[in-house]
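Participant: Compact mmCIF, C-alpha atoms, file data_23.txt:
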# COMPACT_ATOMS: atom_id res chain seq x y z
CA MET K 182 1.87 -62.39 2.45
CA SER K 183 -0.73 -60.08 0.85
CA ASP K 184 -1.06 -59.84 -2.93
CA THR K 185 0.21 -56.25 -2.84
CA SER K 186 3.30 -57.14 -0.78
CA ALA K 187 4.13 -60.10 -3.00
CA ARG K 188 3.68 -57.96 -6.11
CA LEU K 189 5.95 -55.22 -4.69
CA LEU K 190 8.69 -57.75 -4.01
CA ARG K 191 8.43 -59.11 -7.54
CA LEU K 192 8.42 -55.59 -8.98
CA LEU K 193 11.50 -54.72 -6.91
CA SER K 194 13.26 -57.85 -8.15
CA LEU K 195 12.60 -56.79 -11.75
CA LEU K 196 13.75 -53.22 -11.20
CA GLN K 197 17.02 -54.35 -9.60
CA THR K 198 18.01 -55.75 -12.99
CA PRO K 199 20.07 -52.96 -14.60
CA ARG K 200 17.81 -51.98 -17.51
CA GLU K 201 14.93 -49.68 -18.43
CA TRP K 202 11.51 -51.27 -17.90
CA PRO K 203 8.56 -49.96 -19.94
CA GLY K 204 5.43 -49.66 -17.82
CA SER K 205 3.49 -51.91 -20.18
CA GLU K 206 6.08 -54.69 -19.87
CA LEU K 207 6.03 -54.47 -16.09
CA ALA K 208 2.24 -54.60 -16.13
CA GLU K 209 2.34 -57.70 -18.32
CA ARG K 210 4.96 -59.41 -16.13
CA LEU K 211 2.97 -58.69 -12.97
CA GLY K 212 -0.46 -59.34 -14.45
CA VAL K 213 -1.84 -55.90 -13.50
CA THR K 214 -2.79 -52.64 -15.20
CA ASP K 215 -0.43 -49.75 -16.02
CA ARG K 216 -2.18 -47.71 -13.32
CA THR K 217 -1.39 -50.38 -10.68
CA VAL K 218 2.25 -50.35 -11.77
CA ARG K 219 2.38 -46.56 -11.27
CA ARG K 220 0.87 -46.92 -7.77
CA ASP K 221 3.36 -49.66 -6.88
CA ILE K 222 6.25 -47.50 -8.11
CA ASP K 223 5.05 -44.75 -5.77
CA ARG K 224 4.94 -47.25 -2.88
CA LEU K 225 8.54 -48.27 -3.55
CA ARG K 226 9.59 -44.62 -3.59
CA ASP K 227 7.87 -44.11 -0.24
CA LEU K 228 9.94 -47.03 1.11
CA GLY K 229 13.16 -45.32 0.04
CA TYR K 230 13.83 -46.97 -3.31
CA PRO K 231 14.96 -44.33 -5.88
CA VAL K 232 12.97 -45.28 -8.99
CA ALA K 233 13.51 -42.95 -11.94
CA ALA K 234 11.00 -42.60 -14.78
CA THR K 235 11.59 -41.37 -18.33
CA MET K 236 8.90 -40.41 -20.82
CA GLY K 237 8.53 -41.29 -24.48
CA ALA K 238 8.36 -44.38 -26.63
CA THR K 239 11.69 -45.68 -25.33
CA GLY K 240 11.13 -44.56 -21.76
CA GLY K 241 10.28 -46.53 -18.68
CA TYR K 242 11.32 -47.18 -15.08
CA ARG K 243 14.69 -48.02 -13.60
CA LEU K 244 16.27 -48.19 -10.16
CA VAL K 245 19.01 -45.58 -9.69
CA ALA K 246 21.56 -44.72 -7.03
CA GLY K 247 20.10 -42.73 -4.13
CA ALA K 248 21.38 -40.94 -1.06
CA ALA K 249 21.31 -44.12 1.06
CA MET K 250 21.59 -47.85 0.49
CA PRO K 251 18.08 -49.35 0.28
CA PRO K 252 17.35 -53.02 1.08
CA LEU K 253 18.24 -55.35 -1.77
CA LEU K 254 16.29 -58.34 -3.04
CA VAL K 255 18.47 -61.16 -4.38
CA ASP K 256 17.75 -64.65 -5.68
CA ASP K 257 19.32 -67.87 -4.40
CA GLU K 258 22.32 -67.82 -6.76
CA GLU K 259 23.07 -64.19 -5.98
CA ALA K 260 22.83 -64.80 -2.23
CA VAL K 261 25.32 -67.67 -2.46
CA ALA K 262 27.71 -65.56 -4.54
CA ILE K 263 27.55 -62.67 -2.04
CA ALA K 264 28.10 -64.95 0.96
CA VAL K 265 31.10 -66.68 -0.65
CA GLY K 266 32.60 -63.29 -1.52
CA LEU K 267 32.10 -62.02 2.03
CA ARG K 268 33.76 -65.15 3.42
CA ALA K 269 36.76 -64.46 1.20
CA ALA K 270 36.93 -60.83 2.34
CA ALA K 271 36.65 -61.81 6.00
CA GLY K 272 39.33 -64.46 5.70
CA SER K 273 41.82 -62.30 3.82
CA ALA K 274 41.74 -59.49 6.40
CA ILE K 275 41.69 -56.74 3.78
CA ALA K 276 42.30 -53.54 5.70
CA GLY K 277 39.14 -51.55 6.30
CA ILE K 278 36.51 -54.08 5.22
CA GLU K 279 37.17 -57.26 7.18
CA GLU K 280 34.97 -56.37 10.16
CA ALA K 281 32.15 -55.13 7.92
CA SER K 282 32.45 -58.36 5.90
CA VAL K 283 31.83 -60.48 9.00
CA ARG K 284 28.85 -58.34 10.07
CA ALA K 285 27.29 -58.59 6.62
CA LEU K 286 28.04 -62.31 6.42
CA ALA K 287 26.35 -62.89 9.78
CA LYS K 288 23.20 -61.13 8.55
CA ILE K 289 23.06 -63.06 5.28
CA GLU K 290 23.79 -66.51 6.73
CA GLN K 291 21.14 -65.96 9.41
CA VAL K 292 18.41 -65.94 6.78
CA LEU K 293 19.89 -68.38 4.24
CA PRO K 294 17.99 -71.67 3.88
CA ALA K 295 19.94 -74.71 5.08
CA LYS K 296 20.62 -75.96 1.54
CA LEU K 297 22.14 -72.61 0.55
CA ARG K 298 24.26 -72.45 3.71
CA ARG K 299 25.72 -75.84 2.78
CA ARG K 300 26.55 -74.57 -0.71
CA VAL K 301 28.23 -71.48 0.73
CA ARG K 302 30.30 -73.63 3.10
CA VAL K 303 31.45 -75.96 0.32
CA LEU K 304 32.27 -73.16 -2.12
CA GLY K 305 34.03 -71.12 0.55
CA THR K 306 36.24 -74.05 1.51
CA ALA K 307 37.11 -74.77 -2.11
CA THR K 308 37.76 -71.24 -3.32
CA VAL K 309 39.32 -69.25 -0.45
CA PRO K 310 43.01 -70.06 0.07
CA PRO K 311 44.56 -69.02 3.41
CA ARG K 312 47.18 -66.27 3.39
CA ALA K 313 50.76 -67.38 3.92
CA ASP K 314 51.13 -65.02 6.90
CA ALA K 315 47.68 -65.56 8.40
CA THR K 316 46.15 -68.16 10.67
CA PRO K 317 42.95 -69.48 9.04
CA VAL K 318 39.71 -69.08 11.00
CA ASP K 319 36.44 -70.85 10.23
CA PRO K 320 34.05 -68.19 8.85
CA GLU K 321 31.20 -69.94 10.68
CA LEU K 322 33.00 -69.30 13.95
CA LEU K 323 33.47 -65.63 13.03
CA THR K 324 29.79 -65.20 12.20
CA ALA K 325 28.77 -66.93 15.45
CA LEU K 326 31.08 -64.65 17.45
CA ALA K 327 29.79 -61.58 15.61
CA ALA K 328 26.20 -62.62 16.34
CA ALA K 329 27.01 -63.04 20.06
CA VAL K 330 28.58 -59.57 20.17
CA THR K 331 25.61 -58.01 18.37
CA ASN K 332 23.03 -59.82 20.50
CA LYS K 333 24.95 -59.19 23.77
CA GLU K 334 24.80 -62.92 24.46
CA ARG K 335 27.07 -64.80 26.86
CA ILE K 336 29.12 -67.57 25.25
CA ARG K 337 31.17 -70.51 26.48
CA PHE K 338 34.08 -72.01 24.58
CA ALA K 339 37.30 -73.98 24.89
CA TYR K 340 40.43 -71.85 24.52
CA GLU K 341 43.83 -73.22 23.53
CA ALA K 342 46.84 -71.40 25.00
CA ALA K 343 50.15 -70.99 23.15
CA ASN K 344 51.57 -74.07 24.92
CA GLY K 345 48.59 -76.21 23.87
CA THR K 346 46.83 -76.17 27.24
CA GLU K 347 43.05 -75.94 26.87
CA THR K 348 40.74 -74.17 29.31
CA ARG K 349 37.00 -73.55 29.41
CA ARG K 350 35.87 -69.91 29.27
CA ASN K 351 32.56 -68.29 30.19
CA THR K 352 32.50 -64.80 28.70
CA GLU K 353 30.57 -61.67 27.77
CA PRO K 354 31.83 -60.75 24.26
CA VAL K 355 31.93 -57.05 23.37
CA GLY K 356 33.95 -56.87 20.16
CA LEU K 357 35.39 -58.92 17.29
CA VAL K 358 38.49 -57.16 15.98
CA PRO K 359 40.73 -57.87 12.93
CA HIS K 360 44.38 -57.01 13.51
CA ARG K 361 47.47 -57.93 11.46
CA HIS K 362 45.76 -60.76 9.54
CA ARG K 363 44.27 -62.30 12.68
CA TRP K 364 40.92 -62.06 14.46
CA TYR K 365 40.58 -61.30 18.18
CA LEU K 366 37.63 -61.39 20.56
CA ALA K 367 37.49 -58.82 23.36
CA ALA K 368 35.39 -60.20 26.20
CA PHE K 369 34.87 -60.12 29.95
CA ASP K 370 35.88 -63.47 31.48
CA LEU K 371 33.27 -64.22 34.15
CA ASP K 372 35.29 -66.92 35.91
CA ARG K 373 38.39 -64.72 36.16
CA ASN K 374 36.42 -61.52 36.79
CA ASP K 375 38.57 -59.58 34.33
CA TRP K 376 38.82 -58.51 30.70
CA ARG K 377 40.59 -60.78 28.22
CA VAL K 378 41.58 -60.84 24.55
CA PHE K 379 41.19 -64.20 22.77
CA ARG K 380 42.68 -65.19 19.42
CA ALA K 381 39.78 -66.47 17.33
CA ASP K 382 41.82 -69.28 15.77
CA ARG K 383 42.32 -70.72 19.29
CA ILE K 384 38.62 -70.73 20.14
CA HIS K 385 36.96 -74.16 19.89
CA ARG K 386 33.56 -75.70 20.63
CA LEU K 387 31.72 -72.39 20.88
CA HIS K 388 28.43 -72.60 22.78
CA PRO K 389 25.99 -69.64 22.81
CA THR K 390 24.15 -69.75 26.15
CA GLY K 391 21.11 -67.67 25.22
CA ALA K 392 21.68 -65.47 28.30
CA ARG K 393 21.80 -61.74 27.58
CA PHE K 394 24.05 -59.31 29.44
CA THR K 395 24.49 -55.58 29.94
CA PRO K 396 27.96 -54.53 28.68
CA ARG K 397 30.44 -53.44 31.34
CA ASP K 398 32.76 -50.44 31.06
CA LEU K 399 35.65 -51.51 28.84
CA PRO K 400 39.09 -50.21 29.97
CA ALA K 401 39.68 -48.66 26.55
CA ALA K 402 37.95 -46.32 24.10
CA ASN K 403 36.54 -49.29 22.14
CA PRO K 404 37.22 -53.01 21.55
CA ALA K 405 39.75 -52.30 18.78
CA ALA K 406 41.76 -50.02 21.07
CA TYR K 407 41.65 -52.65 23.81
CA VAL K 408 42.88 -55.43 21.50
CA THR K 409 45.75 -53.35 20.11
CA GLY K 410 46.95 -52.32 23.55
CA GLU K 411 45.49 -48.83 23.96
CA ARG K 412 44.06 -49.64 27.40
CA THR K 413 43.24 -47.25 30.22
CA ASP K 414 43.91 -49.65 33.12
CA TRP K 415 47.57 -50.48 32.61
CA GLY K 416 49.70 -50.25 35.73
CA THR K 417 52.72 -49.26 33.62
CA SER K 418 53.09 -47.33 30.38
CA THR K 419 52.56 -49.22 27.12
CA LEU K 420 55.70 -49.80 25.02
CA HIS K 421 55.90 -50.48 21.30
CA PHE K 422 58.27 -53.38 20.58
CA GLN K 423 59.72 -53.68 17.06
CA VAL K 424 62.33 -56.40 16.56
CA ASP K 425 63.60 -58.25 13.47
CA ILE K 426 64.25 -61.93 14.24
CA ALA K 427 66.39 -64.36 12.19
CA ALA K 428 63.91 -67.25 12.35
CA SER K 429 60.69 -68.26 10.67
CA ALA K 430 57.40 -67.05 12.11
CA GLU K 431 56.40 -70.67 12.73
CA ALA K 432 59.47 -71.18 14.92
CA VAL K 433 58.75 -68.07 16.99
CA ILE K 434 54.95 -67.93 17.33
CA GLY K 435 53.83 -68.87 20.83
CA ARG K 436 57.22 -68.23 22.42
CA LEU K 437 56.83 -64.49 22.95
CA GLY K 438 53.42 -64.30 24.60
CA GLU K 439 49.99 -63.78 23.08
CA SER K 440 49.86 -60.05 22.27
CA ALA K 441 47.73 -59.18 19.28
CA GLY K 442 49.52 -59.69 15.97
CA ASP K 443 52.93 -60.01 17.58
CA ILE K 444 54.72 -62.08 14.93
CA ILE K 445 54.81 -61.09 11.24
CA SER K 446 56.39 -63.35 8.62
CA ARG K 447 59.08 -61.69 6.48
CA GLY K 448 60.25 -64.80 4.67
CA PRO K 449 61.18 -68.46 5.23
CA ASN K 450 63.88 -67.60 7.80
CA THR K 451 62.91 -64.10 8.96
CA CYS K 452 60.06 -62.60 10.95
CA ALA K 453 59.31 -59.44 12.91
CA LEU K 454 58.00 -58.82 16.40
CA ASP K 455 55.63 -55.83 16.37
CA MET K 456 53.50 -55.38 19.46
CA SER K 457 52.37 -52.85 22.01
CA ARG K 458 51.99 -54.07 25.56
CA ASP K 459 52.80 -53.25 29.17
CA ASP K 460 55.29 -56.05 29.83
CA LEU K 461 58.54 -54.97 31.47
CA PRO K 462 61.39 -54.76 28.94
CA GLU K 463 63.32 -57.25 31.10
CA TRP K 464 60.70 -59.94 30.42
CA VAL K 465 60.77 -59.32 26.65
CA ALA K 466 64.58 -59.24 26.58
CA HIS K 467 64.86 -62.63 28.25
CA ARG K 468 62.21 -64.11 25.95
CA LEU K 469 64.16 -62.90 22.90
CA LEU K 470 67.44 -64.33 24.22
CA GLU K 471 65.74 -67.67 24.91
CA LEU K 472 64.99 -67.99 21.18
CA GLY K 473 68.69 -68.70 20.57
CA VAL K 474 68.80 -66.80 17.26
CA GLU K 475 70.07 -63.42 16.02
CA PHE K 476 67.74 -60.43 16.32
CA GLU K 477 67.84 -56.64 15.83
CA VAL K 478 65.95 -54.21 18.08
CA HIS K 479 64.38 -51.12 16.48
CA SER K 480 62.32 -50.01 19.49
CA PRO K 481 61.80 -49.26 22.31
CA ARG K 482 64.92 -47.76 23.85
CA GLU K 483 64.00 -49.45 27.14
CA LEU K 484 64.47 -52.87 25.54
CA THR K 485 67.91 -51.94 24.21
CA ASP K 486 68.89 -50.63 27.67
CA GLU K 487 67.75 -53.89 29.27
CA LEU K 488 69.78 -55.98 26.82
CA ARG K 489 72.86 -53.88 27.65
CA LYS K 490 72.29 -54.58 31.36
CA ILE K 491 72.10 -58.31 30.64
CA ARG K 492 75.28 -58.10 28.57
CA ASP K 493 77.12 -56.23 31.34
CA ARG K 494 76.00 -58.73 33.99
CA ALA K 495 77.18 -61.59 31.80
CA ALA K 496 80.53 -59.85 31.22
CA ARG K 497 81.04 -59.33 34.96
CA ALA K 498 80.23 -62.97 35.62
CA ILE K 499 82.81 -64.07 33.05
CA GLU K 500 85.48 -61.71 34.46
CA ALA K 501 84.84 -63.01 37.99
CA LYS K 502 85.74 -66.53 36.84
CA ARG K 503 89.16 -65.49 35.51
I need this file expressed as C-alpha cells, please.
Facilitator:
Amino acid sequence: MSDTSARLLRLLSLLQTPREWPGSELAERLGVTDRTVRRDIDRLRDLGYPVAATMGATGGYRLVAGAAMPPLLVDDEEAVAIAVGLRAAAGSAIAGIEEASVRALAKIEQVLPAKLRRRVRVLGTATVPPRADATPVDPELLTALAAAVTNKERIRFAYEAANGTETRRNTEPVGLVPHRHRWYLAAFDLDRNDWRVFRADRIHRLHPTGARFTPRDLPAANPAAYVTGERTDWGTSTLHFQVDIAASAEAVIGRLGESAGDIISRGPNTCALDMSRDDLPEWVAHRLLELGVEFEVHSPRELTDELRKIRDRAARAIEAKR
C-alpha cells in the first residue's frame, strides 16, 4: 500500500470518530504538514466522504451525513460488534431487515480474519437466544447460502424432509427469503429438473461446487413471491388456508406438508395454520382430520365445503348401518 493510501485510511479512521478535529492535531497524528492534511481532505471528498470544515480557533474537520452511505472503516472490536449484531438481527427475523442483515453479514464475514470469525461465532452463540416460535438456523449456513445466491454458484446439500428422510440435492440457488420467522431457499433442483423451496433449518452439509450458472426464468415475480406461493405456473388457483388448531405447534409441524411458514405457535396448546398453496381442499381437510384434535376454519370457503362433504358422507355411512 502506498504512503498516501495508508495515510488516507488512517485519516478516515480518525474522522469517523464523532468529534471535531483541528487541522494541526490531524497533521501531528499523521506526521505531515497542515497543507498535506488539506489535500488529503479533498481526496476523501472526491471519494464521496462528506467532510465538513469550520473556521476559527475552535474549528476543524468532521465527517457528516451525506446523500449516500460511504464506505466505513472499522477496527477489530467494532467489526466483531457489528457482525454479532447482524447475526442477532438475522436470527430474530425482524420484519424488513432480516434479509439485509444476512447480506451485510456475508460481506463482513468474508473479509474478517479467522481469529475474529471465531470470536463472532462464540459471541453469537452465547448472546442470541432463539425465538420461542422460530426454528434456529446457523448464521454461518445463512451467510454461505447468501454468498451462493449472490455469486450464482451451484451448491449441493443434504435435505431432511418432514418425516426425517434425507436426500441429496444439487441446486442452482436464486433467493434466500425470510418468512414467518423461518428462512427458505428458492432454487432449481437439477436432479428433479424443477423449482423447489427448501427450509434452511433442514439443509445440512452444504457444499459449494464452484460452478457458476445463468439463472433460469423463475415461475414468479421474484424469489419472495415464489416462496410465499405467488407462483405463475400453478395448475390450479392458489388458496389461502387459515385454521386455528387445538394443539401445540410442535405436535402439528411436519404433519400438514412443507408450505412456507405454515404453522404458527399461539400458546402451549394452540397453534394456527396460515398458508397459501395450490393443494386441493380435500387433501388439506383430510390432513386436518388426521390430527385428531379440534380445529376452527377461517378460510377458504372451499375447505369448509369439503369438510361438509366429508361429514355428509360419514353420516350416510352411519345411516346405512342402521
Participant: Smallest atom-to-atom distance to K:Leu437: which of K:Val465, K:Ala234, K:Val408, K:Cys452, using all atoms listed in the file?
Facilitator: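 Of the candidates, the smallest distance to K:Leu437 is held by K:Val465.
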Participant: For a quick check of understanding, using only C-alpha atoms, which of K:Met456, K:Ala327, K:Ile336, K:Leu193 has the smallest distance to K:Pro481?
Facilitator: K:Met456
Participant: Hey, which of K:Leu399, K:Ala381, K:Glu477, K:Thr348 ends up closest to K:Phe369? Count all atoms listed in the file.
Facilitator: K:Leu399
Participant: In the coordinate frame of the file, compute which residues have an atom within 10 Å of (31.3, -52.7, 19.0) when using all atoms listed in the file, and state them as a ChimeraX atom specification.
Facilitator: /K:327,330-331,354-358,367,403-405
Participant: Could you jot down the atom CA of K:Ala339 to atom CA of K:Arg383 separation for me, Å, one decimal place?
Facilitator: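 We find that atom CA of K:Ala339 and atom CA of K:Arg383 lie 8.2 Å from each other.
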Participant: For K:Leu484, work out the shell of residues within 12 Å, counting only C-alpha atoms and skipping chain neighbours fewer than 2 positions away, then give it as an MDAnalysis selection string.
Facilitator: chainID K and resid 420:424 460:470 477:482 486:491
Participant: What's around K:Leu189 at 9 Å? Count only C-alpha atoms, leave out sequence neighbours fewer than 4 positions away in its own chain, and write the answer as an MDAnalysis selection string.
Facilitator: chainID K and resid 184:185 193:194 221:222 224:225
Participant: How many Å lie between atom CA of K:Arg200 and atom CA of K:Val245, rounded to one decimal?
Facilitator: 10.2 Å
Participant: Have a look at K:Leu472, K:Ala295, K:Leu366, K:Ala406 and name the one nearest to K:Ile426; count all atoms listed in the file.
Facilitator: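 Checking each of K:Leu472, K:Ala295, K:Leu366, K:Ala406 against K:Ile426, counting all atoms listed in the file, the winner is K:Leu472.
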Participant: At what distance in Å, to one decimal, does atom CA of K:Arg363 lie from atom CA of K:Val318?
Facilitator: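 Separation of atom CA of K:Val318 and atom CA of K:Arg363: 8.3 Å.
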Participant: Set the distance at 9 Å and use all atoms listed in the file: which residues neighbour K:Thr390 once local chain neighbours fewer than 6 positions away are removed? I'd like the list as an NGL selection string.
Facilitator: :K and (334-337)
Participant: Set up a box along x, y and z of the file covering all listed atoms of stretch 184-189 of chain K, add 4 Å on every one of the six sides, and write the centre and edge lengths in Å to one decimal, as lines of an AutoDock Vina configuration file.
Facilitator:
center_x = 2.4
center_y = -57.7
center_z = -3.4
size_x = 15.0
size_y = 12.9
size_z = 13.3
Participant: Please, which residues are within 7 Å of (42.8, -63.0, 16.6) by the file's coordinates, counting all atoms listed in the file, and could they come as a list of chain:residue names?
Facilitator: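 Looking at atoms near the point gives K:Pro359, K:His360, K:Arg363, K:Trp364, K:Tyr365, K:Leu366, K:Phe379, K:Arg380, K:Ala381, K:Asp382, K:Ala441.
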Participant: Pick out the closest residue to K:Arg436 from this set: K:Gly345, K:Gly448, K:Trp376, K:Ala495. Count all atoms listed in the file.
Facilitator: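 Using all atoms listed in the file, the shortest distance to K:Arg436 belongs to K:Gly345.
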Participant: Which is closer to K:Arg377 than all the others in K:Glu353, K:Glu206, K:Glu201, K:Glu483, using only C-alpha atoms?
Facilitator: K:Glu353
